[in-house]
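Enquirer: Next comes the structure file entry.txt, holding compact mmCIF, C-alpha atoms.
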```txt
# COMPACT_ATOMS: atom_id res chain seq x y z
CA MET T 1 -28.80 -17.09 21.16
CA ALA T 2 -27.04 -20.00 22.85
CA GLU T 3 -23.45 -20.70 21.86
CA VAL T 4 -22.96 -23.87 19.87
CA THR T 5 -20.05 -25.86 21.25
CA LYS T 6 -18.28 -29.02 20.22
CA ASP T 7 -19.30 -30.72 23.48
CA LEU T 8 -22.95 -29.88 22.84
CA VAL T 9 -22.77 -31.42 19.37
CA ILE T 10 -21.08 -34.56 20.70
CA ASP T 11 -23.67 -34.94 23.46
CA THR T 12 -26.41 -34.68 20.84
CA LEU T 13 -24.77 -37.33 18.66
CA ARG T 14 -24.73 -39.74 21.62
CA LYS T 15 -28.48 -40.01 21.01
CA VAL T 16 -28.06 -41.10 17.39
CA ARG T 17 -27.98 -44.87 17.03
CA GLY T 18 -25.14 -46.55 15.21
CA PRO T 19 -25.41 -49.08 12.36
CA ASP T 20 -27.96 -51.84 12.94
CA LEU T 21 -29.19 -49.78 15.94
CA GLU T 22 -26.25 -50.93 18.03
CA GLY T 23 -24.71 -48.33 20.33
CA ASP T 24 -24.42 -44.70 19.28
CA LEU T 25 -22.15 -42.75 16.95
CA ILE T 26 -19.90 -41.44 19.72
CA SER T 27 -19.45 -44.66 21.70
CA ARG T 28 -18.50 -46.42 18.48
CA ASN T 29 -15.90 -43.77 17.58
CA MET T 30 -17.52 -43.06 14.23
CA VAL T 31 -17.48 -39.24 14.33
CA SER T 32 -14.55 -37.19 13.09
CA ASP T 33 -13.40 -33.95 14.70
CA VAL T 34 -16.30 -31.52 14.88
CA PHE T 35 -15.69 -28.13 13.27
CA ILE T 36 -17.98 -25.16 13.99
CA ALA T 37 -17.95 -21.86 12.12
CA ASP T 38 -20.59 -19.11 12.20
CA GLY T 39 -23.17 -21.42 13.74
CA LYS T 40 -22.64 -24.07 11.05
CA VAL T 41 -21.48 -27.51 12.13
CA TYR T 42 -19.24 -29.73 9.99
CA PHE T 43 -18.19 -33.31 10.66
CA SER T 44 -18.00 -36.70 9.00
CA ILE T 45 -19.11 -40.18 10.03
CA SER T 46 -16.74 -43.03 9.24
CA VAL T 47 -18.45 -46.14 7.94
CA PRO T 48 -17.40 -49.29 6.07
CA SER T 49 -17.10 -48.33 2.41
CA GLU T 50 -19.33 -51.20 1.24
CA ARG T 51 -22.19 -49.94 3.45
CA ALA T 52 -22.02 -46.23 2.61
CA GLU T 53 -25.24 -46.16 0.58
CA GLU T 54 -27.12 -48.36 3.05
CA LEU T 55 -26.20 -46.12 6.01
CA GLU T 56 -27.32 -42.87 4.39
CA PRO T 57 -30.42 -42.73 6.69
CA MET T 58 -28.07 -42.74 9.69
CA ARG T 59 -26.24 -39.73 8.26
CA GLN T 60 -29.55 -37.96 7.74
CA ALA T 61 -30.59 -38.70 11.34
CA ALA T 62 -27.33 -37.24 12.66
CA GLU T 63 -27.77 -34.14 10.51
CA ARG T 64 -31.35 -33.63 11.69
CA ALA T 65 -30.31 -34.01 15.32
CA VAL T 66 -27.55 -31.41 15.02
CA LYS T 67 -29.73 -28.96 13.10
CA ALA T 68 -32.26 -29.14 15.95
CA ILE T 69 -29.70 -27.77 18.44
CA PRO T 70 -30.63 -24.18 19.40
CA GLY T 71 -28.24 -21.78 17.71
CA VAL T 72 -27.22 -24.10 14.87
CA LYS T 73 -27.71 -22.37 11.52
CA GLY T 74 -26.84 -25.37 9.39
CA ALA T 75 -24.96 -28.64 9.28
CA LEU T 76 -22.79 -30.41 6.73
CA VAL T 77 -22.54 -34.09 7.63
CA THR T 78 -20.78 -36.51 5.34
CA LEU T 79 -20.10 -40.23 5.19
CA THR T 80 -16.48 -41.20 4.75
CA ALA T 81 -15.13 -44.63 3.94
CA ASP T 82 -13.19 -46.44 6.61
CA ARG T 83 -13.12 -50.23 6.58
CA LYS T 84 -12.07 -50.24 10.25
CA ALA T 85 -14.83 -47.92 11.42
CA GLY T 86 -17.57 -49.28 13.69
CA ALA T 87 -16.29 -52.84 13.82
CA ALA T 88 -19.72 -54.35 14.40
CA ALA T 89 -21.02 -52.52 11.36
CA ALA T 90 -18.83 -54.62 9.14
CA THR T 91 -20.25 -57.90 10.38
CA LYS T 92 -23.37 -57.53 8.27
CA PRO T 93 -22.75 -58.80 4.72
CA ALA T 94 -22.84 -56.03 2.18
CA THR T 95 -25.60 -56.33 -0.39
CA ALA T 96 -24.18 -55.44 -3.78
CA PRO T 97 -26.48 -53.25 -5.85
CA SER T 98 -27.54 -54.57 -9.21
CA GLN T 99 -26.05 -51.52 -10.82
CA SER T 100 -23.10 -49.40 -9.68
CA PRO T 101 -24.35 -45.90 -8.90
CA GLY T 102 -22.54 -42.80 -10.04
CA ASN T 103 -23.45 -40.87 -6.90
CA SER T 104 -26.30 -42.07 -4.76
CA HIS T 105 -26.79 -38.77 -2.96
CA ALA T 106 -25.14 -35.57 -4.06
CA GLY T 107 -21.78 -36.17 -2.52
CA HIS T 108 -22.74 -37.78 0.78
CA SER T 109 -22.20 -41.45 0.12
CA HIS T 110 -19.59 -41.12 -2.57
CA ALA T 111 -17.40 -43.50 -0.65
CA GLY T 112 -19.21 -46.34 -2.33
CA HIS T 113 -18.32 -45.49 -5.92
CA SER T 114 -17.07 -48.97 -6.72
CA HIS T 115 -16.67 -50.34 -10.21
CA GLY T 116 -19.35 -52.55 -11.67
CA ALA T 117 -19.21 -56.33 -11.76
CA GLN T 118 -17.58 -56.36 -15.16
CA GLY T 119 -14.79 -54.04 -14.02
CA GLY T 120 -16.11 -51.09 -16.03
CA ARG T 121 -16.07 -47.49 -14.87
CA ALA T 122 -18.91 -46.26 -12.69
CA GLN T 123 -21.15 -43.76 -14.44
CA LYS T 124 -20.30 -40.19 -13.45
CA ALA T 125 -23.38 -38.24 -12.47
CA GLY T 126 -23.67 -34.87 -14.17
CA VAL T 127 -25.18 -31.67 -12.80
CA PRO T 128 -28.71 -30.94 -14.05
CA GLY T 129 -28.81 -27.90 -16.31
CA VAL T 130 -25.03 -27.67 -16.72
CA GLY T 131 -23.83 -28.30 -20.26
CA ALA T 132 -20.11 -28.75 -19.63
CA ILE T 133 -17.79 -28.71 -16.62
CA ILE T 134 -14.24 -27.46 -17.16
CA ALA T 135 -11.45 -27.72 -14.58
CA VAL T 136 -8.83 -24.97 -14.35
CA ALA T 137 -5.82 -26.52 -12.66
CA SER T 138 -2.15 -26.05 -11.89
CA GLY T 139 0.59 -28.24 -10.54
CA LYS T 140 1.55 -25.75 -7.83
CA GLY T 141 0.24 -22.65 -6.08
CA GLY T 142 1.23 -19.09 -6.84
CA VAL T 143 0.84 -19.24 -10.62
CA GLY T 144 -2.33 -17.12 -10.77
CA LYS T 145 -4.72 -20.00 -11.37
CA SER T 146 -7.68 -18.47 -9.53
CA THR T 147 -7.28 -15.11 -11.26
CA THR T 148 -7.14 -16.98 -14.56
CA ALA T 149 -10.22 -19.06 -13.71
CA VAL T 150 -12.28 -15.99 -12.80
CA ASN T 151 -11.28 -14.05 -15.91
CA LEU T 152 -11.75 -17.13 -18.10
CA ALA T 153 -15.29 -17.53 -16.75
CA LEU T 154 -16.02 -13.85 -17.37
CA GLY T 155 -14.40 -14.13 -20.80
CA LEU T 156 -16.76 -16.97 -21.70
CA MET T 157 -19.66 -14.81 -20.53
CA ALA T 158 -18.39 -11.94 -22.68
CA ASN T 159 -18.54 -14.34 -25.63
CA GLY T 160 -22.25 -14.88 -25.01
CA LEU T 161 -22.32 -18.01 -22.83
CA LYS T 162 -24.10 -18.73 -19.55
CA VAL T 163 -21.36 -19.48 -17.05
CA GLY T 164 -20.93 -20.48 -13.41
CA LEU T 165 -17.82 -20.75 -11.24
CA LEU T 166 -17.11 -23.30 -8.50
CA ASP T 167 -14.22 -22.58 -6.13
CA ALA T 168 -12.97 -26.07 -5.24
CA ASP T 169 -10.03 -24.83 -3.16
CA ILE T 170 -11.27 -25.62 0.35
CA TYR T 171 -8.11 -24.62 2.19
CA GLY T 172 -7.46 -21.38 0.30
CA PRO T 173 -10.65 -20.08 -1.36
CA SER T 174 -9.96 -16.98 -3.47
CA VAL T 175 -13.17 -16.49 -5.43
CA PRO T 176 -15.04 -14.40 -2.79
CA ARG T 177 -12.29 -11.78 -2.84
CA LEU T 178 -11.70 -11.93 -6.60
CA LEU T 179 -15.42 -11.36 -7.25
CA LYS T 180 -15.87 -8.95 -4.31
CA ILE T 181 -18.66 -11.01 -2.77
CA SER T 182 -19.47 -11.10 0.93
CA GLY T 183 -22.32 -12.49 2.99
CA ARG T 184 -23.82 -15.95 3.20
CA PRO T 185 -25.74 -17.84 0.51
CA LYS T 186 -29.40 -18.71 1.05
CA GLN T 187 -30.83 -22.20 1.16
CA ILE T 188 -34.00 -23.39 -0.53
CA ASP T 189 -35.81 -26.70 -0.09
CA ASN T 190 -33.75 -27.30 3.08
CA ARG T 191 -30.57 -28.44 1.34
CA ILE T 192 -30.21 -26.65 -2.00
CA ILE T 193 -27.95 -23.57 -1.88
CA VAL T 194 -28.56 -20.49 -4.01
CA PRO T 195 -25.23 -19.48 -5.61
CA MET T 196 -23.79 -16.05 -4.92
CA GLU T 197 -23.58 -13.71 -7.89
CA ASN T 198 -21.65 -10.67 -9.06
CA TYR T 199 -20.96 -9.32 -12.55
CA GLY T 200 -23.66 -11.74 -13.74
CA LEU T 201 -21.48 -14.72 -12.79
CA LYS T 202 -22.96 -17.35 -10.46
CA SER T 203 -20.42 -18.77 -8.04
CA MET T 204 -20.04 -21.06 -5.04
CA SER T 205 -17.14 -21.24 -2.59
CA ILE T 206 -16.49 -22.55 0.92
CA GLY T 207 -15.38 -18.96 1.53
CA TYR T 208 -19.06 -17.95 1.52
CA LEU T 209 -19.80 -20.34 4.38
CA VAL T 210 -16.96 -19.56 6.80
CA ASP T 211 -15.08 -16.46 7.90
CA GLU T 212 -12.18 -15.39 5.70
CA ASP T 213 -9.71 -15.96 8.56
CA ALA T 214 -11.08 -19.36 9.55
CA ALA T 215 -8.58 -22.20 9.24
CA MET T 216 -10.02 -25.23 7.45
CA ILE T 217 -8.54 -28.25 9.22
CA TRP T 218 -10.57 -30.96 7.53
CA ARG T 219 -9.37 -34.40 6.56
CA GLY T 220 -9.32 -35.43 2.92
CA PRO T 221 -12.71 -37.22 2.89
CA MET T 222 -14.46 -34.17 4.33
CA VAL T 223 -12.89 -32.00 1.63
CA GLN T 224 -14.10 -34.39 -1.04
CA SER T 225 -17.65 -34.39 0.32
CA ALA T 226 -17.75 -30.60 0.65
CA ILE T 227 -16.65 -30.16 -2.96
CA LEU T 228 -19.27 -32.56 -4.26
CA GLN T 229 -21.98 -30.88 -2.19
CA MET T 230 -21.02 -27.45 -3.53
CA LEU T 231 -21.19 -28.92 -7.01
CA ARG T 232 -24.40 -30.93 -6.82
CA GLU T 233 -26.46 -29.21 -4.14
CA VAL T 234 -26.38 -25.71 -5.63
CA ALA T 235 -29.15 -24.22 -7.76
CA TRP T 236 -26.93 -23.45 -10.76
CA GLY T 237 -29.84 -23.19 -13.18
CA GLU T 238 -29.16 -23.49 -16.90
CA LEU T 239 -25.46 -23.04 -17.71
CA ASP T 240 -23.45 -23.61 -20.86
CA VAL T 241 -20.27 -23.99 -18.83
CA LEU T 242 -19.31 -24.43 -15.19
CA ILE T 243 -15.70 -23.47 -14.52
CA VAL T 244 -14.09 -25.23 -11.55
CA ASP T 245 -11.17 -23.44 -9.92
CA MET T 246 -9.22 -26.45 -8.71
CA PRO T 247 -6.85 -26.38 -5.73
CA PRO T 248 -3.17 -26.62 -6.67
CA GLY T 249 -1.51 -30.00 -6.86
CA THR T 250 -2.79 -33.52 -7.47
CA GLY T 251 -4.33 -34.61 -4.18
CA ASP T 252 -7.71 -35.80 -2.90
CA ALA T 253 -9.73 -32.85 -4.18
CA GLN T 254 -8.35 -33.13 -7.70
CA LEU T 255 -8.88 -36.87 -7.87
CA THR T 256 -12.43 -36.48 -6.56
CA MET T 257 -13.28 -34.07 -9.38
CA ALA T 258 -11.48 -36.11 -12.02
CA GLN T 259 -12.91 -39.49 -11.00
CA GLN T 260 -16.45 -38.61 -9.93
CA VAL T 261 -17.41 -35.63 -12.07
CA PRO T 262 -17.93 -35.81 -15.86
CA LEU T 263 -15.32 -33.18 -16.72
CA ALA T 264 -15.55 -32.06 -20.33
CA GLY T 265 -11.93 -31.00 -20.18
CA ALA T 266 -9.13 -29.37 -18.21
CA VAL T 267 -7.15 -26.18 -18.69
CA ILE T 268 -3.66 -26.10 -17.18
CA VAL T 269 -2.17 -22.83 -15.91
CA SER T 270 1.59 -22.46 -15.56
CA THR T 271 4.25 -19.79 -15.48
CA PRO T 272 7.18 -19.99 -17.91
CA GLN T 273 9.93 -21.13 -15.57
CA ASP T 274 11.08 -24.73 -15.42
CA LEU T 275 10.06 -25.32 -11.78
CA ALA T 276 6.44 -24.40 -12.50
CA LEU T 277 6.42 -26.53 -15.64
CA ILE T 278 7.71 -29.55 -13.74
CA ASP T 279 4.72 -29.34 -11.42
CA ALA T 280 2.33 -28.57 -14.28
CA ARG T 281 3.37 -31.84 -15.93
CA LYS T 282 2.13 -33.71 -12.85
CA GLY T 283 -1.31 -32.17 -13.28
CA ILE T 284 -1.29 -32.99 -16.98
CA ALA T 285 -0.29 -36.59 -16.23
CA MET T 286 -3.09 -36.93 -13.67
CA PHE T 287 -5.80 -35.77 -16.09
CA LYS T 288 -4.46 -38.04 -18.80
CA LYS T 289 -4.46 -40.99 -16.42
CA VAL T 290 -8.13 -40.49 -15.55
CA GLU T 291 -8.98 -39.80 -19.21
CA VAL T 292 -10.00 -36.16 -18.87
CA PRO T 293 -9.36 -34.29 -22.15
CA LEU T 294 -6.78 -31.50 -22.02
CA LEU T 295 -8.22 -28.37 -23.62
CA GLY T 296 -4.90 -26.56 -23.50
CA ILE T 297 -2.20 -24.78 -21.50
CA ILE T 298 -2.08 -21.10 -20.51
CA GLU T 299 1.21 -19.35 -19.78
CA ASN T 300 0.41 -16.88 -17.00
CA MET T 301 2.81 -14.10 -15.96
CA SER T 302 4.34 -14.71 -19.36
CA TYR T 303 6.14 -11.37 -19.39
CA PHE T 304 6.12 -8.10 -17.45
CA LEU T 305 5.06 -4.81 -18.98
CA ALA T 306 6.53 -1.79 -17.17
CA PRO T 307 3.64 0.57 -16.35
CA ASP T 308 5.72 3.71 -16.99
CA THR T 309 7.51 2.81 -20.21
CA GLY T 310 5.55 -0.14 -21.55
CA LYS T 311 8.83 -2.00 -21.95
CA ARG T 312 8.62 -5.77 -21.81
CA TYR T 313 10.69 -7.88 -19.41
CA ASP T 314 10.76 -11.70 -19.40
CA ILE T 315 11.15 -11.98 -15.62
CA PHE T 316 10.34 -15.69 -15.41
CA GLY T 317 11.70 -16.59 -18.81
CA HIS T 318 9.33 -16.94 -21.73
CA GLY T 319 7.77 -19.58 -23.92
CA GLY T 320 8.16 -22.54 -21.58
CA ALA T 321 4.45 -23.36 -21.50
CA ARG T 322 4.13 -23.04 -25.28
CA ALA T 323 7.06 -25.42 -25.75
CA GLU T 324 5.52 -27.87 -23.28
CA ALA T 325 2.19 -27.76 -25.09
CA GLU T 326 3.89 -28.48 -28.39
CA ARG T 327 5.92 -31.28 -26.82
CA ILE T 328 2.87 -33.16 -25.50
CA GLY T 329 0.58 -32.26 -28.40
CA VAL T 330 -2.07 -30.13 -26.68
CA PRO T 331 -3.25 -26.65 -27.70
CA PHE T 332 -1.42 -23.61 -26.40
CA LEU T 333 -4.17 -21.20 -25.41
CA GLY T 334 -2.20 -18.01 -24.95
CA GLU T 335 0.12 -15.78 -22.95
CA VAL T 336 -1.21 -13.64 -20.11
CA PRO T 337 1.18 -10.81 -19.19
CA LEU T 338 2.12 -9.81 -15.66
CA THR T 339 0.72 -6.30 -15.36
CA MET T 340 -0.07 -3.91 -12.53
CA ASP T 341 -3.57 -3.61 -13.94
CA ILE T 342 -4.39 -7.31 -13.56
CA ARG T 343 -2.91 -7.45 -10.07
CA GLU T 344 -4.61 -4.31 -8.77
CA LYS T 345 -8.02 -5.14 -10.21
CA SER T 346 -7.84 -8.71 -8.92
CA ASP T 347 -7.00 -7.49 -5.41
CA ALA T 348 -9.90 -5.02 -5.61
CA GLY T 349 -12.37 -7.71 -6.70
CA THR T 350 -12.94 -6.10 -10.09
CA PRO T 351 -11.47 -8.54 -12.65
CA VAL T 352 -10.05 -6.89 -15.77
CA VAL T 353 -12.57 -8.55 -18.09
CA VAL T 354 -15.36 -6.52 -16.46
CA ALA T 355 -13.36 -3.54 -15.18
CA ASP T 356 -11.73 -2.79 -18.54
CA PRO T 357 -13.50 -5.03 -21.07
CA ASN T 358 -11.82 -3.43 -24.09
CA GLY T 359 -8.34 -3.33 -22.58
CA ALA T 360 -5.42 -5.43 -23.77
CA ALA T 361 -5.51 -7.83 -20.80
CA ALA T 362 -9.26 -8.42 -21.15
CA GLU T 363 -8.83 -9.16 -24.84
CA VAL T 364 -6.22 -11.80 -23.96
CA TYR T 365 -8.62 -13.55 -21.59
CA LYS T 366 -11.52 -13.33 -24.03
CA GLY T 367 -9.32 -14.77 -26.76
CA ILE T 368 -8.37 -17.67 -24.50
CA ALA T 369 -12.05 -18.18 -23.65
CA ARG T 370 -12.90 -18.40 -27.36
CA GLN T 371 -10.23 -21.03 -27.89
CA VAL T 372 -11.40 -23.06 -24.90
CA TRP T 373 -14.98 -23.03 -26.18
CA GLU T 374 -13.84 -23.93 -29.70
CA GLN T 375 -11.86 -26.85 -28.28
CA LEU T 376 -14.89 -28.01 -26.33
CA ALA T 377 -17.32 -27.54 -29.23
CA GLY T 378 -14.92 -29.33 -31.55
CA ARG T 379 -14.75 -32.36 -29.29
CA ARG T 380 -18.54 -32.47 -29.06
CA ALA T 381 -18.92 -32.18 -32.82
CA ARG T 382 -16.79 -35.21 -33.61
CA PRO T 383 -19.00 -37.91 -35.10
CA ALA T 384 -19.45 -41.16 -33.24
CA PRO T 385 -17.83 -44.20 -34.83
CA ASN T 386 -19.98 -46.42 -37.02
CA ILE T 387 -20.49 -49.90 -35.58
CA VAL T 388 -20.80 -52.54 -38.27
CA PHE T 389 -22.17 -56.00 -37.51
CA GLU T 390 -20.97 -58.70 -39.85
```
Taking this structure as input, can you express it in the form of structure tokens?
Expert:
Amino acid sequence: MAEVTKDLVIDTLRKVRGPDLEGDLISRNMVSDVFIADGKVYFSISVPSERAEELEPMRQAAERAVKAIPGVKGALVTLTADRKAGAAAATKPATAPSQSPGNSHAGHSHAGHSHGAQGGRAQKAGVPGVGAIIAVASGKGGVGKSTTAVNLALGLMANGLKVGLLDADIYGPSVPRLLKISGRPKQIDNRIIVPMENYGLKSMSIGYLVDEDAAMIWRGPMVQSAILQMLREVAWGELDVLIVDMPPGTGDAQLTMAQQVPLAGAVIVSTPQDLALIDARKGIAMFKKVEVPLLGIIENMSYFLAPDTGKRYDIFGHGGARAEAERIGVPFLGEVPLTMDIREKSDAGTPVVVADPNGAAAEVYKGIARQVWEQLAGRRARPAPNIVFE
């Protein structure tokens, strides 16, 4: 099989006409850096933000051209907003749609998610079959967020719910290792991806599409598009809950999820020490600003249990997350201890909720899962206000 090279992809894109059939994508400097991994080609096309929806056929033409290259196994081509891109493209007046779309095409032309004429919020498109989407987030890395997200998802399953898991951390995907999943997902109907599955949990991660050692050197818009594609172009089926393992921090990926996805709520993971709590507050502030309900805070690595004596040590302090939850008036969901069992089973890809379902650690996660679901069900059960016309 012929080797797929960056030069070959660029030469192919020279045959794809630019906006209004003027020039080609390469001569007009509209193509980002091309990234190739395992025969799959990834790149974005920069277009004026007001023409993103209109130029979707151009994106499709570029994708078809690249997929036709011998040796190419797949292509992920996205439109990104750049008001300076393709100068001639901006000369054509933009035609405003009569109604502001939530997402015109599963994450490709999300650059055009402008507000409506009255200044209201654009409608966020949901995921067919998915009842609720919950973000698991942290203000910084290293607090055990991914381990918590996986065990929370499995805890919800243990409580009788149908659950899926989306790994939204493009630069550092952990879900493949935590769930001990290898291989590549299959595609159906050309674009729709079949989620990978283990322990009965459906999941999707960029880690299934590239080698574990591959360095993801994408710009922010490409990350945003990849996340939305993994969310909307996956055959999730019927789910009660989709857990999203968010990347740490409050950058492009987090804002994409918060602003363009109808999140039912967010769970914040922190460790007890002040430095972690300072960063956790940033995540809390972000979700509040974009009006995503906070379902609660989890204190991970809350205390250490010595494996030989069972003695408890508060290595990182204790109770900081509980105090923070009380201070801002959100539920405190529980304390997860730092144990050898959780660490070893996570590294082995056998999360404690399935490896030792009746153990103390698993019971903690299942208890947190019950509280999260109760929070979510309680919010849904609140009656709508009565509107009285006088």
Enquirer: Using only C-alpha atoms, find the one residue out of T:Lys282, T:Lys202, T:Lys180, T:Arg191 that sits nearest to T:Lys162.
Expert: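 Ranking T:Lys282, T:Lys202, T:Lys180, T:Arg191 by distance to T:Lys162, first place goes to T:Lys202.
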Enquirer: I'd like the neighbourhood of stretch 343-352 of chain T as a ChimeraX atom specification, where a residue qualifies if any of its atoms comes within 7 Å (using only C-alpha atoms), though same-chain residues fewer than 4 positions away should be ignored.
Expert: /T:147,151,177-180,339,356-357,361-362
Enquirer: May I have the residues within 9 Å of stretch 321-329 of chain T as a list in words, using all atoms listed in the file and disregarding those fewer than 5 positions away in the same chain?
Expert: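 These residues fall inside the cut-off: Val269, Ser270, Thr271, Pro272, Gln273, Leu277, Arg281, Gly296, Ile297, Ile298, Glu299, Asn300, Ser302, Gly334 and Glu335 of chain T.
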Enquirer: Quick one, how far is atom CA of T:Leu333 from atom CA of T:Gly237?
Expert: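 Those two atoms sit 28.5 Å apart.
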Enquirer: Quick one: residues within 10 Å of T:Asp11, all atoms listed in the file, excluding same-chain residues fewer than 4 positions away - as a PyMOL selection string?
Expert: chain T and resi 6-7+15-16+26+66
Enquirer: Go ahead and write the selection's residues with C-alpha atoms as a PDB file, in the coordinates of the input.
Expert:
```
ATOM      1  CA  LYS T   6     -18.280 -29.020  20.220  1.00  0.00           C
ATOM      2  CA  ASP T   7     -19.300 -30.720  23.480  1.00  0.00           C
ATOM      3  CA  LYS T  15     -28.480 -40.010  21.010  1.00  0.00           C
ATOM      4  CA  VAL T  16     -28.060 -41.100  17.390  1.00  0.00           C
ATOM      5  CA  ILE T  26     -19.900 -41.440  19.720  1.00  0.00           C
ATOM      6  CA  VAL T  66     -27.550 -31.410  15.020  1.00  0.00           C
TER       7      VAL T  66
END
```
Enquirer: Name the closest residue to T:Ile206 among the candidates T:Lys124, T:His318, T:Lys40, T:Arg59; distances are taken between atoms, counting all atoms listed in the file.
Expert: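 Nearest to T:Ile206: T:Lys40.
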Enquirer: Nearest to T:Ala65 among T:Thr12, T:Ser27, T:Ser44, T:Ser225, with distances taken over all atoms listed in the file: which residue is it?
Expert: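 Closest residue, counting all atoms listed in the file: T:Thr12.
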Enquirer: Kindly indicate which residue among T:Gly207, T:Gly126, T:Gly367, T:Pro221 lies nearest to T:Val47, using all atoms listed in the file for the distances.
Expert: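 Closest residue, counting all atoms listed in the file: T:Pro221.
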Enquirer: Work out how far apart atom CA of T:Ala61 and atom CA of T:Thr5 are and give it in Å to one decimal.
Expert: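 These two atoms are separated by 19.3 Å.
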Enquirer: Kindly give the distance, in Å, that separates atom CA of T:Ala132 and atom CA of T:Ala258, rounded to a single decimal.
Expert: 13.7 Å
Enquirer: Using only C-alpha atoms for the distances, tell me which of T:Thr256, T:Met196, T:Val127, T:Leu242 is nearest to T:Met222.
Expert: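 Result for the nearest residue to T:Met222: T:Thr256.
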Enquirer: When distances are computed from all atoms listed in the file, which of T:Pro293, T:Pro307, T:Gly141, T:Gly200 shows the smallest separation from T:Pro331?
Expert: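 Comparing T:Pro293, T:Pro307, T:Gly141, T:Gly200 against T:Pro331, the winner is T:Pro293.
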Enquirer: As a JSON list (two decimals), in the coordinates of the input, please: stretch 229-244 of chain T completed to N, CA and C atoms.
Expert:
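The result, written out as out-v3.json:
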```json
[["chain", "number", "residue", "atom", "x", "y", "z"],
["T", 229, "GLN", "N", -20.75, -31.56, -2.59],
["T", 229, "GLN", "CA", -21.98, -30.88, -2.19],
["T", 229, "GLN", "C", -22.09, -29.51, -2.84],
["T", 230, "MET", "N", -20.98, -28.78, -2.89],
["T", 230, "MET", "CA", -21.02, -27.45, -3.53],
["T", 230, "MET", "C", -21.28, -27.57, -5.02],
["T", 231, "LEU", "N", -20.93, -28.70, -5.59],
["T", 231, "LEU", "CA", -21.19, -28.92, -7.01],
["T", 231, "LEU", "C", -22.63, -29.32, -7.27],
["T", 232, "ARG", "N", -23.12, -30.30, -6.50],
["T", 232, "ARG", "CA", -24.40, -30.93, -6.82],
["T", 232, "ARG", "C", -25.59, -30.39, -6.04],
["T", 233, "GLU", "N", -25.35, -29.70, -4.94],
["T", 233, "GLU", "CA", -26.46, -29.21, -4.14],
["T", 233, "GLU", "C", -26.57, -27.69, -4.20],
["T", 234, "VAL", "N", -26.29, -27.15, -5.37],
["T", 234, "VAL", "CA", -26.38, -25.71, -5.63],
["T", 234, "VAL", "C", -27.32, -25.50, -6.81],
["T", 235, "ALA", "N", -28.18, -24.52, -6.71],
["T", 235, "ALA", "CA", -29.15, -24.22, -7.76],
["T", 235, "ALA", "C", -28.47, -23.43, -8.88],
["T", 236, "TRP", "N", -27.68, -24.11, -9.69],
["T", 236, "TRP", "CA", -26.93, -23.45, -10.76],
["T", 236, "TRP", "C", -27.84, -22.94, -11.87],
["T", 237, "GLY", "N", -28.99, -23.57, -12.06],
["T", 237, "GLY", "CA", -29.84, -23.19, -13.18],
["T", 237, "GLY", "C", -29.28, -23.71, -14.49],
["T", 238, "GLU", "N", -29.64, -23.07, -15.58],
["T", 238, "GLU", "CA", -29.16, -23.49, -16.90],
["T", 238, "GLU", "C", -27.84, -22.79, -17.23],
["T", 239, "LEU", "N", -26.78, -23.58, -17.38],
["T", 239, "LEU", "CA", -25.46, -23.04, -17.71],
["T", 239, "LEU", "C", -24.89, -23.75, -18.92],
["T", 240, "ASP", "N", -24.21, -22.99, -19.78],
["T", 240, "ASP", "CA", -23.45, -23.61, -20.86],
["T", 240, "ASP", "C", -22.18, -24.24, -20.31],
["T", 241, "VAL", "N", -21.55, -23.54, -19.37],
["T", 241, "VAL", "CA", -20.27, -23.99, -18.83],
["T", 241, "VAL", "C", -20.21, -23.71, -17.33],
["T", 242, "LEU", "N", -19.66, -24.66, -16.58],
["T", 242, "LEU", "CA", -19.31, -24.43, -15.19],
["T", 242, "LEU", "C", -17.80, -24.56, -15.08],
["T", 243, "ILE", "N", -17.14, -23.46, -14.72],
["T", 243, "ILE", "CA", -15.70, -23.47, -14.52],
["T", 243, "ILE", "C", -15.41, -23.87, -13.08],
["T", 244, "VAL", "N", -14.48, -24.80, -12.89],
["T", 244, "VAL", "CA", -14.09, -25.23, -11.55],
["T", 244, "VAL", "C", -12.66, -24.78, -11.30]]
```
